[in-house]
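One structure below.
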Amino acid sequence: MIINGKEISLKVKDEVKQEVERLNEHGKRVPTLAVILVGRNPASMTYVKNKEIGCRYVGIGSIKIEMSEQTTQEELLKQIYTLNADNTVDGILVQLPLPAHIDEKTVIEAIDPKKDVDGFHPVNIANLFLGKEGLLPCTPYGMMVMLESIGYDLEGKEVVVVGRSNIVGKPVALLALSKSATVTIAHSRTKNLKEVCQKADVLIAAVGVAKMFDDSYIKAGAVVLDVGMNRDENNKLCGDVDFEKCKNKAQAITPVPGGVGPMTIAMLLHNTLKAYKLRENIE
Ligand code: GUN
């Protein structure tokens with residue numbers, strides 16, 4: 001089975017859309033997301049554009065703040081403080097990566113955790129760690145929704161996450177653990193990586209190396225989630241998994257593009273609505 005991220009993300013977006021419509025009918029303020037883009041990184045510009053399109057689709061208000069590459073850290077922090085204090089703004093997202101002269105950690109920590117729709121703030125990471133209510137990082141959250149939507153129960157399953165980033169590897173491992181999976185976090189220094197992967201009921205590939213995982217890495221009947229977004233030798237988009245080689249051996253697998261990617265924006269919109277509800281004390 002091919003797990004269709006486009007379809008599942010559309011379902012998530014339509015749920016958000018319906019809730020926003022309901023808020024409108026009750027004369028409530030619309031949830032609003034502010035996105036800050038520093039510089040003109042082409043990939044970042046595309047992501048930001050797609051976020052705007054997503055907001056428009058579900059009826060969430062969007063504010064785009066474009067700042068020059070030369071923006072100082074102080075100026076960026078000031079902008080964040082302004083948005084923190086603005087009661088009409090529910091979500092704040094600072095597009096990464098930032099120019100080298102700006103410290104990412106300092107910037108993330110400046111965002112009000114209640115508006116941190118990326119789920120990157122230490123308070124939200126701590127909430128995830130402790131299993132407390134909070135805003136979850138979008139890509140890992142999206143992967144959990146994908147598994148749920150195919151009716152896959154993680155309890156007692158062997159999950160192998162390859163990659164230990166703060167954005168994907170570590171949080172998705174915590175989420176899988178919270179669903180009672182047995183979790184292994186592997187990475188570039190792992191010995192016998194192939195053997196480690198072969199025991200996985202669910203393999204999560206998040207390393208950023210084009211087509212690194214072929215069918216020799218996966219157990220027959222495994223579920224394979226591919227977070228990679230790379231270019232192959234023909235400059236075509238591809239994942240960390242060699243899709244063609246693995247698709248018949250896996251029970252279910254996400255393609256690239258059209259797999260995990262579309263889930264990220266859907267969960268961002270979901271998180272913006274959630275931040276709104278938390279701030280407005282709804283539900
Ligand atoms: N750059 C690449 N992915 C992301 C993301 O999920 N959030 C932010 N803020 N920047 C990114």
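Residue numbers start at 1 in each chain; chains themselves are named A, B, ... in the order of the structure tokens; ligands are numbered from 1 in the order shown.
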Using only C-alpha atoms and all ligand atoms, which protein or nucleic acid residues are at most 10 Å from ligand 1, as a count of residues only?
31
With DSSP run on the backbone, what are the strand (DSSP E or B) residues within range 60-243 of chain A? I'd like them as a ChimeraX atom specification.
/A:61-67,91-94,158-162,182-186,202-205,213,223-226,230-231,237-238,241
Would you put the residues from that selection into a file with C-alpha atoms, as a compact mmCIF listing (two decimals), in the first residue's frame?
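Output contents, as saved in result_22.txt:
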```
# COMPACT_ATOMS: atom_id res chain seq x y z
CA GLY A 61 -5.64 34.58 8.60
CA SER A 62 -2.02 34.89 7.53
CA ILE A 63 0.52 37.60 8.09
CA LYS A 64 3.79 37.42 6.19
CA ILE A 65 6.72 39.40 7.53
CA GLU A 66 9.66 39.56 5.16
CA MET A 67 12.92 40.82 6.63
CA GLY A 91 0.70 31.31 15.80
CA ILE A 92 4.23 32.54 15.13
CA LEU A 93 6.56 30.68 12.80
CA VAL A 94 10.09 31.80 12.01
CA GLU A 158 9.59 -2.16 16.88
CA VAL A 159 10.08 1.37 15.59
CA VAL A 160 13.49 2.33 14.22
CA VAL A 161 14.07 6.03 13.63
CA VAL A 162 17.15 6.83 11.58
CA THR A 182 9.75 -0.12 21.38
CA VAL A 183 11.88 2.64 19.93
CA THR A 184 15.43 2.67 18.60
CA ILE A 185 17.05 5.93 17.50
CA ALA A 186 19.80 5.19 14.99
CA VAL A 202 8.13 0.68 11.31
CA LEU A 203 11.17 2.31 9.72
CA ILE A 204 11.36 6.09 9.83
CA ALA A 205 14.03 7.47 7.51
CA PHE A 213 17.61 2.77 2.14
CA VAL A 223 5.79 0.15 7.32
CA VAL A 224 8.20 2.71 5.86
CA LEU A 225 7.89 6.45 6.49
CA ASP A 226 10.26 8.59 4.44
CA ASN A 230 16.44 15.20 -1.78
CA ARG A 231 17.37 15.40 -5.44
CA LEU A 237 12.80 14.94 -6.03
CA CYS A 238 13.35 11.78 -4.02
CA VAL A 241 14.26 5.54 0.74
```
Write out as a tab-separated table a residue-level contact list of range 177-222 of chain A versus range 242-248 of chain A with cut-off 6 Å: for each qualifying residue the closest pair of atoms and the distance in Å to one decimal, counting only C-alpha atoms, rows sorted by chain and residue number upward.
```
residue	atom	partner	partner_atom	distance
A:Lys211	CA	A:Asp242	CA	4.4
A:Phe213	CA	A:Asp242	CA	5.8
A:Asp214	CA	A:Asp242	CA	5.1
A:Asp215	CA	A:Cys246	CA	4.8
```
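Comparing the minimum interatomic distances between Lys11 in chain A and each of A:Val58, A:Gln79, A:Pro122, A:Arg164, counting only C-alpha atoms, we find that A:Val58 sits nearest.
Residue nearest Leu278 in chain A within the list A:Lys236, A:Lys49, A:Lys115, A:Arg40: A:Lys115 [criterion: smallest interatomic distance, only C-alpha atoms].
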Within 12 Å of Gly151 in chain A, counting only C-alpha atoms, which residues show up once you throw out same-chain ones fewer than 6 positions away? Write them as a PyMOL selection string, please.
chain A and resi 3+144-145+223+252
Once you have the residues from the selection above, write them out as a tab-separated table (two decimals), in the first residue's frame, restricted to N, CA and C atoms.
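Below you can see selection03.tsv, which holds the result:
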```
chain	number	residue	atom	x	y	z
A	3	ILE	N	1.02	5.03	1.06
A	3	ILE	CA	0.32	5.95	1.97
A	3	ILE	C	0.26	7.32	1.30
A	144	MET	N	2.40	10.53	12.80
A	144	MET	CA	1.50	9.79	13.69
A	144	MET	C	0.08	9.76	13.11
A	145	VAL	N	-0.34	10.89	12.55
A	145	VAL	CA	-1.67	10.95	11.94
A	145	VAL	C	-1.75	10.00	10.74
A	223	VAL	N	6.34	-1.14	7.73
A	223	VAL	CA	5.79	0.15	7.32
A	223	VAL	C	6.96	1.12	7.21
A	252	ALA	N	3.33	-0.99	3.81
A	252	ALA	CA	2.86	0.36	3.48
A	252	ALA	C	4.07	1.28	3.43
```
Taking 5 positions as the minimum chain separation for residues in the same chain, which residues sit within 9 Å of Arg279 in chain A when counting only C-alpha atoms? Answer as an MDAnalysis selection string.
chainID A and resid 90 114:115 274
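Counting from CA of Gly228 in chain A, the distance to CA of Ala275 in chain A is 27.9 Å.
The residue set within 7 Å of Ala181 in chain A, counting only C-alpha atoms and dropping same-chain residues fewer than 3 places from it, reads A:Leu154, A:Glu155, A:Gly156, A:Lys157, A:Glu158, A:Val159, A:Ala176, A:Leu177.
Coordinates place CA of Gly134 in chain A at a distance of 17.6 Å from CA of Val16 in chain A.
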Would you kindly return, as a ChimeraX atom specification, each protein, DNA or RNA residue with an atom no farther than 7 Å from any atom of Leu273 in chain A, considering only C-alpha atoms and excluding same-chain residues fewer than 4 positions away?
/A:31,269,277
Just all heavy atoms for this one: save the residues we selected as a PDB file, in the first residue's frame.
```pdb
ATOM      1  N   PRO A  31      -8.663  32.550  13.607  1.00  0.00           N
ATOM      2  CA  PRO A  31      -7.279  32.230  13.988  1.00  0.00           C
ATOM      3  C   PRO A  31      -6.302  32.835  12.964  1.00  0.00           C
ATOM      4  O   PRO A  31      -6.618  32.884  11.771  1.00  0.00           O
ATOM      5  CB  PRO A  31      -7.232  30.697  13.917  1.00  0.00           C
ATOM      6  CG  PRO A  31      -8.641  30.248  13.930  1.00  0.00           C
ATOM      7  CD  PRO A  31      -9.450  31.341  13.326  1.00  0.00           C
ATOM      8  N   LEU A 269      -1.405  24.047  10.290  1.00  0.00           N
ATOM      9  CA  LEU A 269      -2.717  24.707  10.319  1.00  0.00           C
ATOM     10  C   LEU A 269      -3.538  24.181  11.504  1.00  0.00           C
ATOM     11  O   LEU A 269      -4.182  24.949  12.225  1.00  0.00           O
ATOM     12  CB  LEU A 269      -3.451  24.479   8.993  1.00  0.00           C
ATOM     13  CG  LEU A 269      -2.691  25.008   7.756  1.00  0.00           C
ATOM     14  CD1 LEU A 269      -3.332  24.507   6.471  1.00  0.00           C
ATOM     15  CD2 LEU A 269      -2.607  26.525   7.762  1.00  0.00           C
ATOM     16  N   LYS A 277      -7.439  27.993  20.114  1.00  0.00           N
ATOM     17  CA  LYS A 277      -8.408  27.469  21.088  1.00  0.00           C
ATOM     18  C   LYS A 277      -7.839  27.499  22.512  1.00  0.00           C
ATOM     19  O   LYS A 277      -8.551  27.813  23.454  1.00  0.00           O
ATOM     20  CB  LYS A 277      -8.833  26.048  20.700  1.00  0.00           C
ATOM     21  CG  LYS A 277      -9.697  26.046  19.442  1.00  0.00           C
ATOM     22  CD  LYS A 277     -10.510  24.787  19.283  1.00  0.00           C
ATOM     23  CE  LYS A 277      -9.743  23.664  18.688  1.00  0.00           C
ATOM     24  NZ  LYS A 277     -10.578  22.547  18.231  1.00  0.00           N
TER      25      LYS A 277
END
```
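Among the candidates A:Glu104, A:Asp14, A:Leu147, A:Val20, the residue lying nearest to Gly259 in chain A is A:Leu147 (atoms considered: only C-alpha atoms).
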Could you go through range 80-271 of chain A and tell me which residues DSSP, when run on the backbone, assigns to helix (DSSP H, G or I), listing them as a PyMOL selection string?
chain A and resi 80-85+104-110+113-115+122-130+138-149+169-178+193-198+215-217+243-246+260-271
